[in-house]
$ cat upload.csv   # CSV, C-alpha atoms
chain,number,residue,atom,x,y,z
A,1,MET,CA,-74.3,-73.0,29.0
A,2,ILE,CA,-73.3,-74.8,25.8
A,3,SER,CA,-74.3,-73.0,22.6
A,4,PRO,CA,-76.2,-75.0,20.0
A,5,ILE,CA,-74.5,-75.9,16.7
A,6,ASN,CA,-74.2,-73.0,14.3
A,7,LYS,CA,-75.0,-74.7,11.0
A,8,LYS,CA,-72.9,-72.2,9.0
A,9,GLU,CA,-69.8,-73.0,10.9
A,10,LYS,CA,-67.4,-75.6,9.6
A,11,ILE,CA,-66.8,-78.4,12.1
A,12,ASN,CA,-64.0,-80.9,11.6
A,13,ILE,CA,-65.0,-84.2,13.1
A,14,ILE,CA,-62.3,-86.6,14.0
A,15,LEU,CA,-63.5,-88.9,11.3
A,16,ASN,CA,-62.9,-86.4,8.5
A,17,LYS,CA,-61.0,-87.7,5.5
A,18,ASP,CA,-60.7,-86.8,1.9
A,19,ASP,CA,-63.2,-88.7,-0.2
A,20,ARG,CA,-60.5,-89.8,-2.7
A,21,GLU,CA,-58.6,-91.6,0.1
A,22,ILE,CA,-61.6,-93.7,1.1
A,23,LYS,CA,-61.3,-97.3,-0.1
A,24,GLU,CA,-64.2,-99.8,-0.5
A,25,GLU,CA,-63.9,-102.6,2.0
A,26,ALA,CA,-66.4,-105.0,3.5
A,27,ILE,CA,-67.8,-104.0,6.9
A,28,SER,CA,-67.4,-107.6,8.0
A,29,ASN,CA,-64.1,-109.2,8.9
A,30,GLU,CA,-63.5,-110.3,5.3
A,31,LYS,CA,-60.8,-108.2,3.7
A,32,THR,CA,-60.0,-107.7,0.0
A,33,LYS,CA,-56.4,-107.7,-1.1
A,34,LYS,CA,-55.1,-105.5,-3.9
A,35,THR,CA,-51.6,-105.1,-5.3
A,36,GLU,CA,-50.0,-101.6,-5.5
A,37,ASP,CA,-50.4,-101.7,-9.3
A,38,GLU,CA,-54.2,-102.4,-9.0
A,39,ILE,CA,-54.6,-99.6,-6.5
A,40,GLU,CA,-52.7,-97.2,-8.8
A,41,SER,CA,-54.8,-98.4,-11.8
A,42,ASP,CA,-58.1,-97.7,-9.8
A,43,SER,CA,-56.8,-94.2,-8.9
A,44,ASN,CA,-56.0,-93.4,-12.5
A,45,LYS,CA,-59.5,-94.5,-13.6
A,46,LYS,CA,-61.0,-92.1,-11.0
A,47,ILE,CA,-58.9,-89.2,-12.3
A,48,ILE,CA,-59.9,-90.0,-15.9
A,49,ASN,CA,-63.5,-90.1,-14.9
A,50,LEU,CA,-63.3,-86.7,-13.2
A,51,ILE,CA,-61.7,-85.1,-16.3
A,52,GLU,CA,-64.4,-86.6,-18.5
A,53,ILE,CA,-67.2,-85.3,-16.3
A,54,GLN,CA,-65.7,-81.8,-16.2
A,55,LYS,CA,-65.8,-81.8,-20.0
A,56,ILE,CA,-69.4,-83.1,-20.1
A,57,ILE,CA,-70.9,-80.7,-17.6
A,58,LYS,CA,-69.5,-77.7,-19.5
A,59,LYS,CA,-71.6,-78.7,-22.5
A,60,ILE,CA,-74.9,-79.0,-20.5
A,61,GLN,CA,-76.7,-75.8,-19.8
A,62,ILE,CA,-78.1,-76.6,-16.4
A,63,PHE,CA,-74.5,-77.3,-15.1
A,64,GLU,CA,-73.0,-74.0,-16.4
A,65,ASN,CA,-72.9,-72.6,-12.8
A,66,PHE,CA,-71.2,-75.8,-11.5
A,67,GLU,CA,-67.7,-77.2,-11.6
A,68,ALA,CA,-66.6,-80.8,-10.9
A,69,LYS,CA,-64.5,-81.1,-7.7
A,70,ASN,CA,-63.7,-84.7,-7.2
A,71,TYR,CA,-64.7,-88.3,-7.7
A,72,ILE,CA,-66.6,-89.8,-4.8
A,73,ASP,CA,-67.7,-93.4,-5.6
A,74,SER,CA,-69.1,-95.7,-8.2
A,75,GLY,CA,-71.5,-98.6,-8.4
A,76,SER,CA,-72.4,-101.1,-11.1
A,77,GLU,CA,-74.6,-98.6,-12.9
A,78,SER,CA,-73.4,-95.2,-11.8
A,79,ASN,CA,-70.6,-92.9,-10.9
A,80,VAL,CA,-70.8,-90.2,-8.2
A,81,TYR,CA,-69.0,-86.9,-8.1
A,82,LYS,CA,-68.8,-83.9,-5.9
A,83,ILE,CA,-69.7,-80.7,-7.8
A,84,GLN,CA,-69.6,-77.1,-6.5
A,85,HIS,CA,-71.8,-74.1,-7.3
A,86,LYS,CA,-69.3,-71.4,-8.6
A,87,LYS,CA,-71.0,-68.4,-6.9
A,88,THR,CA,-72.2,-69.8,-3.6
A,89,LYS,CA,-69.4,-72.4,-3.3
A,90,LYS,CA,-72.0,-74.8,-2.0
A,91,ASP,CA,-71.2,-78.5,-2.6
A,92,PHE,CA,-73.6,-80.9,-4.3
A,93,VAL,CA,-73.5,-84.5,-5.5
A,94,LEU,CA,-73.8,-85.4,-9.1
A,95,LYS,CA,-74.9,-89.0,-9.8
A,96,VAL,CA,-74.2,-90.1,-13.4
A,97,ILE,CA,-76.2,-93.1,-14.4
A,98,LYS,CA,-74.4,-94.9,-17.2
A,99,ASN,CA,-76.3,-96.0,-20.3
A,100,HIS,CA,-79.7,-95.0,-18.9
A,101,LYS,CA,-81.5,-96.1,-22.1
A,102,ASN,CA,-80.9,-99.8,-21.2
A,103,LYS,CA,-82.0,-99.3,-17.6
A,104,GLY,CA,-84.7,-96.6,-18.0
A,105,ARG,CA,-87.4,-98.2,-15.9
A,106,ARG,CA,-85.3,-98.3,-12.7
A,107,ASN,CA,-83.9,-94.9,-13.2
A,108,LEU,CA,-87.2,-93.3,-13.9
A,109,ASN,CA,-88.5,-95.0,-10.8
A,110,GLU,CA,-85.8,-93.3,-8.7
A,111,LEU,CA,-86.5,-89.9,-10.2
A,112,LYS,CA,-90.2,-90.1,-9.6
A,113,ILE,CA,-89.8,-91.3,-6.0
A,114,THR,CA,-86.8,-89.1,-4.9
A,115,SER,CA,-88.3,-85.9,-6.3
A,116,LYS,CA,-91.4,-86.4,-4.1
A,117,LEU,CA,-89.8,-87.2,-0.8
A,118,LYS,CA,-88.9,-84.3,1.4
A,119,HIS,CA,-87.6,-85.2,4.8
A,120,SER,CA,-84.4,-84.6,6.9
A,121,LYS,CA,-83.6,-88.3,6.8
A,122,VAL,CA,-83.9,-88.7,3.0
A,123,ILE,CA,-81.4,-87.2,0.5
A,124,ASP,CA,-82.6,-83.9,-1.0
A,125,PHE,CA,-83.2,-84.0,-4.7
A,126,ASN,CA,-82.1,-80.9,-6.6
A,127,GLY,CA,-82.7,-81.7,-10.3
A,128,TYR,CA,-81.9,-83.9,-13.2
A,129,PHE,CA,-80.9,-84.0,-16.8
A,130,ILE,CA,-81.4,-86.8,-19.3
A,131,SER,CA,-79.2,-86.7,-22.3
A,132,LYS,CA,-80.7,-87.4,-25.7
A,133,LYS,CA,-77.4,-87.2,-27.6
A,134,GLU,CA,-76.2,-90.2,-29.5
A,135,ASP,CA,-72.7,-90.0,-27.9
A,136,ASP,CA,-74.1,-89.5,-24.4
A,137,ASN,CA,-76.4,-92.1,-23.0
A,138,ASN,CA,-76.1,-90.9,-19.4
A,139,GLU,CA,-78.6,-89.6,-16.9
A,140,TYR,CA,-77.6,-86.9,-14.4
A,141,ILE,CA,-79.1,-86.4,-11.0
A,142,ILE,CA,-78.1,-83.5,-8.7
A,143,MET,CA,-78.5,-84.1,-4.9
A,144,GLU,CA,-77.4,-82.6,-1.7
A,145,ASN,CA,-73.9,-83.4,-0.6
A,146,ALA,CA,-73.3,-85.6,2.4
A,147,LYS,CA,-69.9,-84.8,3.7
A,148,TYR,CA,-68.9,-88.1,5.2
A,149,GLY,CA,-70.2,-90.2,2.3
A,150,ASN,CA,-72.0,-93.5,2.6
A,151,LEU,CA,-72.4,-95.3,5.9
A,152,ARG,CA,-70.1,-98.1,4.9
A,153,ASN,CA,-67.1,-95.8,4.5
A,154,PHE,CA,-68.1,-93.7,7.5
A,155,LEU,CA,-68.0,-96.9,9.7
A,156,LEU,CA,-64.8,-98.1,8.2
A,157,ASN,CA,-63.1,-94.8,9.2
A,158,THR,CA,-64.7,-95.1,12.6
A,159,LEU,CA,-63.4,-98.6,13.1
A,160,LYS,CA,-59.9,-97.3,12.4
A,161,ILE,CA,-60.2,-95.1,15.5
A,162,LYS,CA,-62.1,-97.6,17.6
A,163,LYS,CA,-61.8,-101.3,16.9
A,164,CYS,CA,-65.5,-101.9,17.6
A,165,LEU,CA,-68.6,-99.8,17.6
A,166,SER,CA,-70.3,-99.0,20.9
A,167,GLU,CA,-73.9,-99.9,21.4
A,168,SER,CA,-74.6,-96.2,21.8
A,169,MET,CA,-73.3,-95.5,18.2
A,170,ILE,CA,-75.3,-98.4,16.8
A,171,CYS,CA,-78.4,-97.2,18.6
A,172,PHE,CA,-77.9,-93.6,17.4
A,173,LEU,CA,-77.7,-94.7,13.8
A,174,SER,CA,-80.7,-97.1,14.1
A,175,TYR,CA,-82.9,-94.4,15.5
A,176,GLN,CA,-82.3,-92.1,12.5
A,177,ILE,CA,-82.6,-94.9,9.9
A,178,LEU,CA,-86.0,-95.8,11.4
A,179,GLU,CA,-87.0,-92.1,11.2
A,180,GLY,CA,-86.3,-92.1,7.5
A,181,LEU,CA,-88.0,-95.5,6.9
A,182,ASN,CA,-91.1,-94.4,8.9
A,183,TYR,CA,-91.5,-91.3,6.7
A,184,CYS,CA,-91.1,-93.4,3.5
A,185,HIS,CA,-93.6,-95.9,4.7
A,186,LYS,CA,-96.1,-93.2,5.6
A,187,CYS,CA,-95.7,-92.0,2.0
A,188,LYS,CA,-96.4,-95.6,0.9
A,189,ILE,CA,-92.8,-96.1,-0.3
A,190,ALA,CA,-90.9,-99.3,0.5
A,191,HIS,CA,-87.2,-98.7,-0.1
A,192,MET,CA,-86.4,-102.4,-0.8
A,193,ASP,CA,-82.6,-102.1,-0.8
A,194,ILE,CA,-81.6,-100.9,2.7
A,195,LYS,CA,-77.8,-101.4,3.2
A,196,PRO,CA,-74.9,-99.2,4.4
A,197,GLN,CA,-74.0,-98.2,0.8
A,198,ASN,CA,-77.5,-96.7,0.4
A,199,ILE,CA,-77.3,-94.5,3.6
A,200,VAL,CA,-75.1,-91.4,3.7
A,201,VAL,CA,-73.9,-89.2,6.6
A,202,ASP,CA,-73.8,-85.4,6.5
A,203,ASP,CA,-71.7,-82.8,8.3
A,204,TYR,CA,-73.9,-83.0,11.4
A,205,LEU,CA,-74.0,-86.8,11.8
A,206,ASN,CA,-77.5,-86.9,10.2
A,207,ILE,CA,-78.1,-90.0,8.2
A,208,LYS,CA,-80.0,-89.8,4.9
A,209,LEU,CA,-81.5,-92.6,2.8
A,210,ILE,CA,-80.4,-92.7,-0.9
A,211,ASP,CA,-80.9,-94.8,-4.0
A,212,PHE,CA,-84.6,-95.5,-4.5
A,213,SER,CA,-84.0,-97.2,-7.9
A,214,ILE,CA,-85.8,-100.4,-6.9
A,215,SER,CA,-88.2,-98.9,-4.4
A,216,ILE,CA,-91.9,-99.7,-4.6
A,217,ASN,CA,-94.6,-97.0,-4.6
A,218,TYR,CA,-97.8,-98.7,-3.4
A,219,LYS,CA,-99.8,-95.5,-2.9
A,220,ASN,CA,-102.5,-96.5,-5.3
A,221,LYS,CA,-102.8,-100.1,-4.0
A,222,GLN,CA,-105.5,-101.4,-1.8
A,223,PRO,CA,-104.9,-103.2,1.6
A,224,ASN,CA,-106.1,-106.5,0.1
A,225,ASP,CA,-103.9,-106.2,-3.0
A,226,LYS,CA,-100.8,-108.3,-3.6
A,227,ILE,CA,-97.8,-106.3,-4.7
A,228,LYS,CA,-95.3,-107.4,-7.4
A,229,ILE,CA,-91.6,-107.1,-6.6
A,230,PRO,CA,-90.1,-106.0,-10.0
A,231,PHE,CA,-86.5,-105.9,-8.8
A,232,LYS,CA,-84.6,-107.8,-6.1
A,233,GLY,CA,-82.2,-106.2,-3.7
A,234,THR,CA,-78.8,-107.1,-2.4
A,235,PRO,CA,-77.9,-110.7,-1.5
A,236,PHE,CA,-78.0,-111.3,2.3
A,237,TYR,CA,-80.0,-108.1,2.9
A,238,MET,CA,-83.1,-109.7,1.4
A,239,SER,CA,-85.6,-111.5,3.6
A,240,TYR,CA,-86.8,-115.1,3.1
A,241,GLU,CA,-90.1,-114.0,1.5
A,242,VAL,CA,-88.3,-111.9,-1.1
A,243,TYR,CA,-86.0,-114.8,-2.0
A,244,ASN,CA,-89.0,-117.1,-2.2
A,245,SER,CA,-91.5,-115.0,-4.3
A,246,ASP,CA,-92.0,-112.1,-6.6
A,247,ILE,CA,-95.3,-111.2,-4.8
A,248,ILE,CA,-95.8,-109.8,-1.4
A,249,GLU,CA,-98.9,-108.9,0.7
A,250,TYR,CA,-99.7,-105.2,1.0
A,251,LYS,CA,-99.6,-105.4,4.8
A,252,ASP,CA,-96.1,-107.0,4.8
A,253,ILE,CA,-94.2,-104.9,2.3
A,254,ASN,CA,-92.6,-102.5,4.9
A,255,LYS,CA,-91.2,-105.4,6.8
A,256,VAL,CA,-88.8,-106.1,4.0
A,257,ASP,CA,-87.0,-102.9,4.9
A,258,LEU,CA,-87.0,-103.8,8.6
A,259,TYR,CA,-85.3,-107.2,7.9
A,260,ALA,CA,-82.6,-105.4,5.9
A,261,LEU,CA,-82.0,-103.0,8.8
A,262,GLY,CA,-81.6,-106.1,11.1
A,263,VAL,CA,-79.0,-107.5,8.7
A,264,PHE,CA,-77.1,-104.2,8.8
A,265,LEU,CA,-77.2,-104.0,12.6
A,266,PHE,CA,-76.1,-107.7,13.0
A,267,ASN,CA,-73.3,-107.1,10.6
A,268,ILE,CA,-71.8,-104.1,12.3
A,269,ALA,CA,-72.3,-105.5,15.8
A,270,PHE,CA,-70.9,-109.0,15.2
A,271,GLY,CA,-68.8,-108.7,12.0
A,272,CYS,CA,-70.7,-111.3,10.1
A,273,TYR,CA,-74.1,-111.9,8.5
A,274,PRO,CA,-77.0,-113.6,10.3
A,275,TYR,CA,-78.1,-117.2,9.7
A,276,ASN,CA,-74.4,-118.1,9.2
A,277,LEU,CA,-74.4,-116.8,5.7
A,278,LYS,CA,-71.0,-116.7,4.1
A,279,LYS,CA,-69.5,-115.0,1.1
A,280,GLU,CA,-69.4,-118.2,-0.9
A,281,ASP,CA,-73.2,-118.5,-0.4
A,282,GLU,CA,-73.9,-115.3,-2.3
A,283,LYS,CA,-74.9,-116.8,-5.6
A,284,ASP,CA,-76.5,-120.0,-4.3
A,285,ILE,CA,-80.1,-118.9,-3.7
A,286,THR,CA,-81.2,-122.4,-2.7
A,287,LYS,CA,-78.6,-122.5,0.0
A,288,ILE,CA,-79.5,-119.0,1.3
A,289,LYS,CA,-83.2,-119.9,1.5
A,290,GLU,CA,-82.3,-123.1,3.4
A,291,LYS,CA,-80.2,-121.2,5.9
A,292,LEU,CA,-82.9,-118.5,6.4
A,293,LYS,CA,-85.3,-121.2,7.5
A,294,GLY,CA,-83.0,-122.2,10.3
A,295,LYS,CA,-82.6,-120.7,13.8
A,296,LEU,CA,-81.0,-117.3,14.3
A,297,GLU,CA,-77.9,-117.7,16.4
A,298,ILE,CA,-76.3,-114.7,18.1
A,299,LYS,CA,-72.8,-115.3,19.4
A,300,ASN,CA,-71.0,-112.9,21.7
A,301,GLY,CA,-74.5,-111.5,22.6
A,302,ASN,CA,-73.2,-110.8,26.1
A,303,ASN,CA,-71.3,-107.8,24.7
A,304,TYR,CA,-74.6,-106.0,24.2
A,305,SER,CA,-77.7,-105.2,26.3
A,306,SER,CA,-80.7,-107.6,26.3
A,307,TYR,CA,-82.7,-104.8,24.8
A,308,PHE,CA,-80.5,-104.7,21.7
A,309,ILE,CA,-80.5,-108.5,21.3
A,310,ASP,CA,-84.3,-108.5,21.6
A,311,PHE,CA,-84.6,-105.7,19.0
A,312,ILE,CA,-82.3,-107.3,16.5
A,313,SER,CA,-83.9,-110.7,16.9
A,314,LYS,CA,-87.4,-109.3,16.2
A,315,LEU,CA,-86.1,-107.6,13.1
A,316,LEU,CA,-84.4,-110.7,11.8
A,317,GLU,CA,-87.4,-113.0,12.3
A,318,SER,CA,-87.6,-115.1,9.1
A,319,ASP,CA,-91.4,-115.6,9.5
A,320,ILE,CA,-92.8,-112.3,8.2
A,321,ASN,CA,-95.9,-112.7,10.4
A,322,LYS,CA,-93.8,-112.7,13.5
A,323,ARG,CA,-91.4,-110.0,12.4
A,324,MET,CA,-91.6,-106.6,14.1
A,325,SER,CA,-93.5,-103.8,12.3
A,326,ILE,CA,-92.2,-100.3,11.8
A,327,TYR,CA,-94.5,-99.0,14.6
A,328,GLU,CA,-93.3,-101.7,17.0
A,329,ALA,CA,-89.7,-100.9,16.1
A,330,ILE,CA,-90.1,-97.2,16.9
A,331,GLN,CA,-91.8,-98.1,20.2
A,332,HIS,CA,-89.2,-100.6,21.2
A,333,PRO,CA,-87.4,-99.7,24.5
A,334,TRP,CA,-84.0,-99.9,22.8
A,335,ILE,CA,-84.9,-97.3,20.2
A,336,LYS,CA,-86.7,-95.1,22.7
A,337,GLY,CA,-83.5,-95.0,24.7
A,338,ALA,CA,-81.7,-93.5,21.7
A,339,LYS,CA,-83.8,-90.3,21.5
A,340,TYR,CA,-81.8,-88.6,24.3
A,341,LEU,CA,-78.6,-89.2,22.3
A,342,TYR,CA,-80.1,-87.5,19.3
A,343,ASP,CA,-81.5,-84.6,21.4
A,344,GLU,CA,-78.1,-84.3,23.0
A,345,LYS,CA,-76.3,-84.0,19.7
A,346,GLU,CA,-78.6,-81.1,18.6
A,347,LYS,CA,-77.5,-79.2,21.7
A,348,MET,CA,-73.8,-79.8,21.5
A,349,TYR,CA,-71.3,-77.3,20.0
A,350,ASN,CA,-68.5,-79.7,19.4
A,351,LEU,CA,-69.4,-82.7,17.3
A,352,SER,CA,-66.0,-84.2,17.8
A,353,SER,CA,-66.7,-84.6,21.5
A,354,PHE,CA,-70.1,-86.1,20.7
A,355,VAL,CA,-68.5,-88.7,18.4
A,356,THR,CA,-65.9,-89.5,21.0
A,357,LYS,CA,-68.7,-90.0,23.5
A,358,LEU,CA,-70.6,-92.3,21.2
A,359,LEU,CA,-67.6,-94.4,20.5
A,360,THR,CA,-66.9,-94.9,24.2
$ encode --input "upload.csv" --output "structure tokens"
Amino acid sequence: MISPINKKEKINIILNKDDREIKEEAISNEKTKKTEDEIESDSNKKIINLIEIQKIIKKIQIFENFEAKNYIDSGSESNVYKIQHKKTKKDFVLKVIKNHKNKGRRNLNELKITSKLKHSKVIDFNGYFISKKEDDNNEYIIMENAKYGNLRNFLLNTLKIKKCLSESMICFLSYQILEGLNYCHKCKIAHMDIKPQNIVVDDYLNIKLIDFSISINYKNKQPNDKIKIPFKGTPFYMSYEVYNSDIIEYKDINKVDLYALGVFLFNIAFGCYPYNLKKEDEKDITKIKEKLKGKLEIKNGNNYSSYFIDFISKLLESDINKRMSIYEAIQHPWIKGAKYLYDEKEKMYNLSSFVTKLLT
């Protein structure tokens, strides 16, 4: 009889790799080229950032029991580091939001929402500190550590082992993302920026939703209300109705997240974006809207089951009235078929074997 996973035991998955070695690349077939000097320059910036953050957290009382371990990632508005509790040696993530005074509304939104969400498929919020010093305009958020980083990097490492993802792996990830979204939607929270960079993977292959900075809390809204969209998400992951208006119906708001999930699945399955969207279209909103009004074409669909093609087509329906709801997505035969994979993972002792099985 196979023993269940001992959660205190360290398990090295075949995809394990030092965070500092992970490089940002597109999930699609488009590749970015960098010279050796540029890569070395990027590396130096990371080291400088780590040294700076070590100095900063020494001056902040709530961080006195932590030490900075390494740089993880950065975005347009934040840097992310791994920190470790000195006594317990437990790892956490420190998100440093740069110049928060100029972006206070979005950051406050993330703090309010993340601190209230408690679910296995949502990143755990552990505390925050907002600096009021003149020489420090940063905001600091402590969250649980997800060993394998964001889903984009996790999949890039996976693709180095296996040139394409199996349908089982895609289904396994989709099942968990829907679990997280379903919880958020029940809490009247629409994420509004679902993409692989905003999903992380922990030691046990559990996915967790992160970055609720542009999420919408519609708890106090009425079913007949129209909801304003204060911030737009990421190009190509936004649905036609979000491109077309700043207002959305109460009954439809959750379908924005489902469309974004469809884009993600299409991208990892076929290596491109739906509706023939290209990199050069990214800043041309008129062209994007025109393409989204066209017909969804799925090439190489024979590589996947009819259930998957049906599932992804219903997520990517440009007409929001015809698009699948969260309930319909969870009840879809393709997603129902993934539950046994998740249950099997919980029983397995060796996660490496499970990953290998998913990839094949």
$ atom_distance --input "upload.csv" --atom1 "atom CA of A:Lys228" --atom2 "atom CA of A:Lys255"
14.9 Å
$ closest_atom_pairs --input "upload.csv" --of "stretch 140-216 of chain A" --to "stretch 266-277 of chain A" --cutoff "12 Å" --atoms "only C-alpha atoms" --output "tab-separated table"
residue	atom	partner	partner_atom	distance
A:Leu151	CA	A:Ile268	CA	10.9
A:Arg152	CA	A:Ile268	CA	9.7
A:Leu155	CA	A:Ile268	CA	8.5
A:Leu156	CA	A:Ile268	CA	10.1
A:Thr158	CA	A:Ile268	CA	11.5
A:Leu159	CA	A:Ile268	CA	10.1
A:Lys163	CA	A:Gly271	CA	11.3
A:Cys164	CA	A:Ala269	CA	7.9
A:Leu165	CA	A:Ala269	CA	7.0
A:Ser166	CA	A:Ala269	CA	8.5
A:Glu167	CA	A:Ala269	CA	8.1
A:Ser168	CA	A:Ala269	CA	11.3
A:Met169	CA	A:Ala269	CA	10.3
A:Ile170	CA	A:Ala269	CA	7.8
A:Cys171	CA	A:Ala269	CA	10.7
A:Leu173	CA	A:Ile268	CA	11.2
A:Ser174	CA	A:Ile268	CA	11.5
A:Lys195	CA	A:Asn267	CA	10.4
A:Pro196	CA	A:Ile268	CA	9.8
$ residues_around --input "upload.csv" --residues "A:Ala146" --least-positions-apart "5" --cutoff "9 Å" --atoms "all atoms listed in the file" --output "ChimeraX atom specification"
/A:91-93,123,200-203,206-208
$ atom_distance --input "upload.csv" --atom1 "atom CA of A:Phe125" --atom2 "atom CA of A:Ile142"
6.5 Å
$ atom_distance --input "upload.csv" --atom1 "atom CA of A:Ala338" --atom2 "atom CA of A:Asp193"
24.1 Å
$ residues_around --input "upload.csv" --residues "stretch 175-192 of chain A" --least-positions-apart "5" --cutoff "6 Å" --atoms "all atoms listed in the file" --output "PDB file with C-alpha atoms, in the frame of the given file"
ATOM      1  CA  LYS A 121     -83.600 -88.300   6.800  1.00  0.00           C
ATOM      2  CA  SER A 215     -88.200 -98.900  -4.400  1.00  0.00           C
ATOM      3  CA  ILE A 216     -91.900 -99.700  -4.600  1.00  0.00           C
ATOM      4  CA  ASN A 217     -94.600 -97.000  -4.600  1.00  0.00           C
ATOM      5  CA  TYR A 218     -97.800 -98.700  -3.400  1.00  0.00           C
ATOM      6  CA  LYS A 219     -99.800 -95.500  -2.900  1.00  0.00           C
ATOM      7  CA  ASN A 254     -92.600-102.500   4.900  1.00  0.00           C
ATOM      8  CA  ASP A 257     -87.000-102.900   4.900  1.00  0.00           C
ATOM      9  CA  ILE A 335     -84.900 -97.300  20.200  1.00  0.00           C
TER      10      ILE A 335
END
$ closest_residue --input "upload.csv" --among "A:Glu297, A:Asp281, A:Glu144, A:Asp252" --to "A:Met324" --atoms "all atoms listed in the file"
A:Asp252
$ closest_residue --input "upload.csv" --among "A:Tyr204, A:Leu265, A:Lys95, A:Tyr128" --to "A:Ile60" --atoms "all atoms listed in the file"
A:Tyr128
$ closest_residue --input "upload.csv" --among "A:Lys226, A:Lys232, A:Lys287, A:Lys55" --to "A:Ile194" --atoms "only C-alpha atoms"
A:Lys232
$ closest_residue --input "upload.csv" --among "A:Tyr237, A:Tyr71, A:Tyr140, A:Phe212" --to "A:Phe264" --atoms "only C-alpha atoms"
A:Tyr237
$ closest_residue --input "upload.csv" --among "A:Phe172, A:Tyr304, A:Tyr259, A:Phe63" --to "A:Leu316" --atoms "all atoms listed in the file"
A:Tyr259
$ residues_near_point --input "upload.csv" --point "(-85.4, -116.9, 7.0)" --cutoff "9 Å" --atoms "only C-alpha atoms" --output "count of residues only"
18
$ residues_near_point --input "upload.csv" --point "(-81.3, -107.1, 18.2)" --cutoff "10 Å" --atoms "all atoms listed in the file" --output "MDAnalysis selection string"
chainID A and resid 262:263 265:266 269 298 301 304:316 334
$ closest_residue --input "upload.csv" --among "A:Tyr250, A:Lys59, A:Leu94, A:Tyr148" --to "A:Gly127" --atoms "only C-alpha atoms"
A:Leu94
$ build_atoms --input "upload.csv" --residues "stretch 117-128 of chain A" --atoms "N, CA, C and O atoms" --output "PDB file, keeping the file's coordinate frame"
ATOM      1  N   LEU A 117     -90.062 -87.035  -2.231  1.00  0.00           N
ATOM      2  CA  LEU A 117     -89.800 -87.200  -0.800  1.00  0.00           C
ATOM      3  C   LEU A 117     -89.035 -86.016  -0.235  1.00  0.00           C
ATOM      4  O   LEU A 117     -87.986 -85.626  -0.750  1.00  0.00           O
ATOM      5  N   LYS A 118     -89.564 -85.429   0.799  1.00  0.00           N
ATOM      6  CA  LYS A 118     -88.900 -84.300   1.400  1.00  0.00           C
ATOM      7  C   LYS A 118     -88.876 -84.519   2.949  1.00  0.00           C
ATOM      8  O   LYS A 118     -89.865 -84.378   3.665  1.00  0.00           O
ATOM      9  N   HIS A 119     -87.712 -84.921   3.418  1.00  0.00           N
ATOM     10  CA  HIS A 119     -87.600 -85.200   4.800  1.00  0.00           C
ATOM     11  C   HIS A 119     -86.080 -85.126   5.202  1.00  0.00           C
ATOM     12  O   HIS A 119     -85.203 -85.366   4.363  1.00  0.00           O
ATOM     13  N   SER A 120     -85.812 -84.786   6.444  1.00  0.00           N
ATOM     14  CA  SER A 120     -84.400 -84.600   6.900  1.00  0.00           C
ATOM     15  C   SER A 120     -83.610 -85.889   6.838  1.00  0.00           C
ATOM     16  O   SER A 120     -82.384 -85.855   6.845  1.00  0.00           O
ATOM     17  N   LYS A 121     -84.292 -87.035   6.784  1.00  0.00           N
ATOM     18  CA  LYS A 121     -83.600 -88.300   6.800  1.00  0.00           C
ATOM     19  C   LYS A 121     -83.613 -88.985   5.379  1.00  0.00           C
ATOM     20  O   LYS A 121     -83.323 -90.165   5.241  1.00  0.00           O
ATOM     21  N   VAL A 122     -83.974 -88.190   4.367  1.00  0.00           N
ATOM     22  CA  VAL A 122     -83.900 -88.700   3.000  1.00  0.00           C
ATOM     23  C   VAL A 122     -83.153 -87.635   2.179  1.00  0.00           C
ATOM     24  O   VAL A 122     -83.315 -86.430   2.364  1.00  0.00           O
ATOM     25  N   ILE A 123     -82.285 -88.110   1.300  1.00  0.00           N
ATOM     26  CA  ILE A 123     -81.400 -87.200   0.500  1.00  0.00           C
ATOM     27  C   ILE A 123     -82.281 -86.224  -0.261  1.00  0.00           C
ATOM     28  O   ILE A 123     -83.321 -86.591  -0.816  1.00  0.00           O
ATOM     29  N   ASP A 124     -81.855 -84.976  -0.302  1.00  0.00           N
ATOM     30  CA  ASP A 124     -82.600 -83.900  -1.000  1.00  0.00           C
ATOM     31  C   ASP A 124     -82.299 -83.943  -2.472  1.00  0.00           C
ATOM     32  O   ASP A 124     -81.136 -83.916  -2.881  1.00  0.00           O
ATOM     33  N   PHE A 125     -83.335 -83.969  -3.278  1.00  0.00           N
ATOM     34  CA  PHE A 125     -83.200 -84.000  -4.700  1.00  0.00           C
ATOM     35  C   PHE A 125     -83.250 -82.611  -5.285  1.00  0.00           C
ATOM     36  O   PHE A 125     -84.145 -81.833  -4.978  1.00  0.00           O
ATOM     37  N   ASN A 126     -82.252 -82.263  -6.117  1.00  0.00           N
ATOM     38  CA  ASN A 126     -82.100 -80.900  -6.600  1.00  0.00           C
ATOM     39  C   ASN A 126     -82.387 -80.700  -8.098  1.00  0.00           C
ATOM     40  O   ASN A 126     -82.452 -79.574  -8.575  1.00  0.00           O
ATOM     41  N   GLY A 127     -82.475 -81.775  -8.837  1.00  0.00           N
ATOM     42  CA  GLY A 127     -82.700 -81.700 -10.300  1.00  0.00           C
ATOM     43  C   GLY A 127     -82.085 -82.782 -11.057  1.00  0.00           C
ATOM     44  O   GLY A 127     -81.290 -83.550 -10.525  1.00  0.00           O
ATOM     45  N   TYR A 128     -82.436 -82.875 -12.328  1.00  0.00           N
ATOM     46  CA  TYR A 128     -81.900 -83.900 -13.200  1.00  0.00           C
ATOM     47  C   TYR A 128     -81.822 -83.503 -14.623  1.00  0.00           C
ATOM     48  O   TYR A 128     -82.488 -82.551 -15.046  1.00  0.00           O
TER      49      TYR A 128
END
